[in-house]
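Shown next: my_file06.csv, given as CSV, C-alpha atoms and all ligand atoms.
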```csv
chain,number,residue,atom,x,y,z
A,158,MET,CA,-56.7,-50.5,41.8
A,159,SER,CA,-59.4,-51.1,39.2
A,160,ASP,CA,-62.3,-50.5,41.6
A,161,CYS,CA,-60.9,-47.3,43.0
A,162,ILE,CA,-62.6,-44.2,41.6
A,163,PHE,CA,-59.6,-42.0,42.1
A,164,CYS,CA,-57.2,-44.5,40.5
A,165,ARG,CA,-59.6,-44.5,37.5
A,166,ILE,CA,-59.4,-40.7,37.3
A,167,VAL,CA,-55.6,-40.8,37.6
A,168,SER,CA,-55.4,-43.2,34.7
A,169,ARG,CA,-58.0,-41.0,32.7
A,170,GLU,CA,-60.3,-44.0,32.5
A,171,LEU,CA,-62.9,-41.7,34.2
A,172,PRO,CA,-63.3,-38.1,33.2
A,173,ALA,CA,-62.5,-35.3,35.7
A,174,ASN,CA,-61.9,-31.6,35.6
A,175,GLU,CA,-58.1,-31.8,35.9
A,176,VAL,CA,-56.3,-28.7,37.1
A,177,GLY,CA,-52.7,-30.1,37.3
A,178,ARG,CA,-50.6,-33.1,37.2
A,179,THR,CA,-47.0,-34.0,38.3
A,180,ALA,CA,-45.1,-37.3,38.1
A,181,ASP,CA,-46.7,-38.5,41.3
A,182,ALA,CA,-49.9,-36.5,41.9
A,183,VAL,CA,-53.0,-35.4,40.1
A,184,ALA,CA,-55.3,-32.5,41.0
A,185,PHE,CA,-58.9,-32.2,39.8
A,186,ARG,CA,-62.1,-30.2,40.8
A,187,ASP,CA,-64.3,-31.8,43.3
A,188,LEU,CA,-67.6,-33.1,41.8
A,189,ASP,CA,-69.6,-31.6,44.7
A,190,PRO,CA,-67.7,-28.4,45.7
A,191,LYS,CA,-68.0,-27.1,49.2
A,192,ALA,CA,-66.3,-23.8,48.4
A,193,PRO,CA,-65.8,-21.6,45.3
A,194,VAL,CA,-62.4,-23.4,44.9
A,195,HIS,CA,-62.5,-27.1,45.8
A,196,VAL,CA,-59.7,-29.2,44.3
A,197,LEU,CA,-58.7,-32.7,45.3
A,198,VAL,CA,-55.0,-33.6,45.2
A,199,VAL,CA,-54.4,-37.3,45.0
A,200,PRO,CA,-51.2,-39.4,44.7
A,201,VAL,CA,-50.9,-41.4,41.4
A,202,LYS,CA,-50.0,-44.4,43.5
A,203,HIS,CA,-52.9,-45.9,45.4
A,204,VAL,CA,-52.5,-45.2,49.1
A,205,SER,CA,-55.7,-45.6,51.2
A,206,ALA,CA,-55.3,-42.8,53.6
A,207,VAL,CA,-52.6,-40.6,55.3
A,208,ARG,CA,-52.0,-43.2,57.9
A,209,ASP,CA,-50.9,-45.6,55.2
A,210,ALA,CA,-48.3,-43.3,53.8
A,211,THR,CA,-45.5,-44.7,55.9
A,212,GLY,CA,-41.8,-45.1,55.8
A,213,THR,CA,-39.4,-42.8,53.9
A,214,ASP,CA,-41.2,-43.2,50.6
A,215,GLY,CA,-44.6,-42.5,52.2
A,216,GLU,CA,-43.4,-39.4,54.0
A,217,ALA,CA,-41.7,-38.1,50.9
A,218,LEU,CA,-44.9,-38.7,48.9
A,219,LEU,CA,-47.0,-36.7,51.5
A,220,GLY,CA,-44.5,-33.9,51.3
A,221,ARG,CA,-44.8,-33.7,47.5
A,222,VAL,CA,-48.6,-34.0,47.6
A,223,PHE,CA,-48.9,-31.1,50.1
A,224,ALA,CA,-46.2,-29.0,48.3
A,225,PHE,CA,-48.2,-29.5,45.0
A,226,ALA,CA,-51.4,-28.5,46.8
A,227,ALA,CA,-49.7,-25.3,48.0
A,228,GLU,CA,-48.4,-24.6,44.4
A,229,LEU,CA,-51.9,-25.0,43.1
A,230,ALA,CA,-53.3,-22.6,45.7
A,231,THR,CA,-50.8,-20.0,44.5
A,232,GLU,CA,-51.8,-20.6,40.9
A,233,LEU,CA,-55.5,-20.4,41.7
A,234,GLY,CA,-54.9,-17.0,43.4
A,235,LEU,CA,-55.6,-18.1,47.0
A,236,ASP,CA,-52.5,-16.9,48.8
A,237,ALA,CA,-53.7,-13.4,49.7
A,238,ASP,CA,-56.9,-14.5,51.5
A,239,GLY,CA,-55.7,-17.9,52.5
A,240,TYR,CA,-57.2,-21.4,52.1
A,241,ARG,CA,-57.6,-24.7,53.8
A,242,LEU,CA,-55.9,-28.1,53.2
A,243,VAL,CA,-57.8,-31.1,54.7
A,244,THR,CA,-57.3,-34.8,54.5
A,245,ASN,CA,-60.2,-36.7,56.0
A,246,THR,CA,-59.3,-40.1,57.5
A,247,GLY,CA,-61.5,-43.0,58.3
A,248,GLN,CA,-65.1,-42.9,59.5
A,249,HIS,CA,-64.9,-40.2,62.2
A,250,GLY,CA,-62.8,-38.1,59.8
A,251,GLY,CA,-65.6,-38.3,57.2
A,252,GLN,CA,-63.5,-40.1,54.5
A,253,SER,CA,-65.8,-41.4,51.7
A,254,VAL,CA,-63.2,-42.3,49.1
A,255,ASP,CA,-60.4,-44.7,50.2
A,256,HIS,CA,-57.7,-43.2,48.1
A,257,LEU,CA,-55.6,-40.6,49.9
A,258,HIS,CA,-56.7,-37.1,48.9
A,259,VAL,CA,-56.0,-33.6,50.1
A,260,HIS,CA,-58.9,-31.1,49.8
A,261,LEU,CA,-57.8,-27.7,48.7
A,262,LEU,CA,-60.6,-25.3,49.7
A,263,GLY,CA,-60.7,-21.6,49.2
A,264,GLY,CA,-62.6,-18.6,48.0
A,265,ARG,CA,-64.6,-18.0,51.2
A,266,GLN,CA,-64.2,-17.8,55.0
A,267,PHE,CA,-64.1,-21.1,56.8
A,268,ASN,CA,-65.1,-21.7,60.5
A,269,TRP,CA,-63.2,-23.4,63.2
A,270,PRO,CA,-63.8,-25.9,64.7
A,271,PRO,CA,-65.2,-27.8,61.7
A,272,GLY,CA,-68.6,-29.5,62.0
B,1,LIG,P1,-63.8,-37.4,51.4
B,1,LIG,O1,-65.3,-37.4,51.8
B,1,LIG,O2,-62.9,-36.6,52.3
B,1,LIG,O3,-63.3,-38.8,51.2
B,1,LIG,O4,-63.8,-36.7,50.0
B,1,LIG,C1,-64.1,-37.3,48.8
B,1,LIG,C2,-64.5,-36.2,47.9
B,1,LIG,O5,-64.5,-36.8,46.6
B,1,LIG,C3,-65.9,-35.6,48.1
B,1,LIG,O6,-65.8,-34.3,48.3
B,1,LIG,C4,-66.6,-35.9,46.8
B,1,LIG,O7,-67.5,-34.9,46.4
B,1,LIG,C5,-65.5,-36.1,45.8
B,1,LIG,N1,-65.7,-37.0,44.6
B,1,LIG,C6,-66.3,-38.2,44.6
B,1,LIG,N2,-66.3,-38.7,43.4
B,1,LIG,C7,-65.7,-37.8,42.6
B,1,LIG,C8,-65.4,-37.7,41.2
B,1,LIG,N3,-65.7,-38.6,40.3
B,1,LIG,N4,-64.8,-36.5,40.7
B,1,LIG,C9,-64.5,-35.5,41.6
B,1,LIG,N5,-64.7,-35.6,42.9
B,1,LIG,C10,-65.3,-36.7,43.4
```

Take the structure in the file and give it back as structure tokens.
Amino acid sequence: MSDCIFCRIVSRELPANEVGRTADAVAFRDLDPKAPVHVLVVPVKHVSAVRDATGTDGEALLGRVFAFAAELATELGLDADGYRLVTNTGQHGGQSVDHLHVHLLGGRQFNWPPG
């Protein structure tokens, strides 16, 4: 989608601090990090949110995006202390970009429940 900021990052039309890429997902540093490590993992294909990743293909895509996020966490040295994977959905979830993304957050202690 030409008006989607994350689609434009995926296509490299917009710059981003990329940390990894597979055939169907791209990972880049969040512009406004909320933790020492804050990476966004987004599918190459435009999917608005997790609730739109339906059917066999959608479920398989979610699996690959989360598996890629876990691989990145290992590469970034987060396994020992742990980390958080979050996908905000819709207004109450606090989603501000309507292209499915998983936040990989690490490098500090997180609280529960979230604010
Ligand atoms: P959410 O609020 O869950 O939809 O997360 C969207 C995230 O995208 C926020 O943490 C923003 O800081 C981040 N963000 C927005 N624009 C960019 C960009 N151009 N490059 C990197 N991160 C971005």

| message | Taking all atoms listed in the file and a cut-off of 7 Å, can you tell me which residues surround ligand LIG 1 (chain B), written as a PyMOL selection string? | response | chain A and resi 162+173+185-190+244-245+251-255

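Closest to Ala182 of chain A among A:Cys164, A:Ala230, A:Val222, A:Leu261 is A:Val222, based on all atoms listed in the file.
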
| request: Pick out the closest residue to Ser205 of chain A from this set: A:Arg265, A:Tyr240, A:Cys161, A:Gly250. Count only C-alpha atoms. | output: A:Cys161

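With all atoms listed in the file as the atoms that count, the residue of A:Gly264, A:Pro200, A:Gly234, A:Pro270 with the shortest distance to Arg178 of chain A is A:Pro200.
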
| said: List the spatial neighbours of segment 206-213 of chain A as a list of chain:residue names - criterion: any atom at most 10 Å away, only C-alpha atoms, same-chain residues fewer than 2 positions off excluded. | reply: A:His203, A:Val204, A:Gly215, A:Glu216, A:Ala217, A:Leu218, A:Leu219, A:Thr244, A:Asn245, A:Thr246, A:Gly247, A:Gln252, A:Val254, A:Asp255, A:His256, A:Leu257, A:His258, A:Val259

| remark: atom CA of Ala237 of chain A to atom CA of His195 of chain A measures 16.7 Å
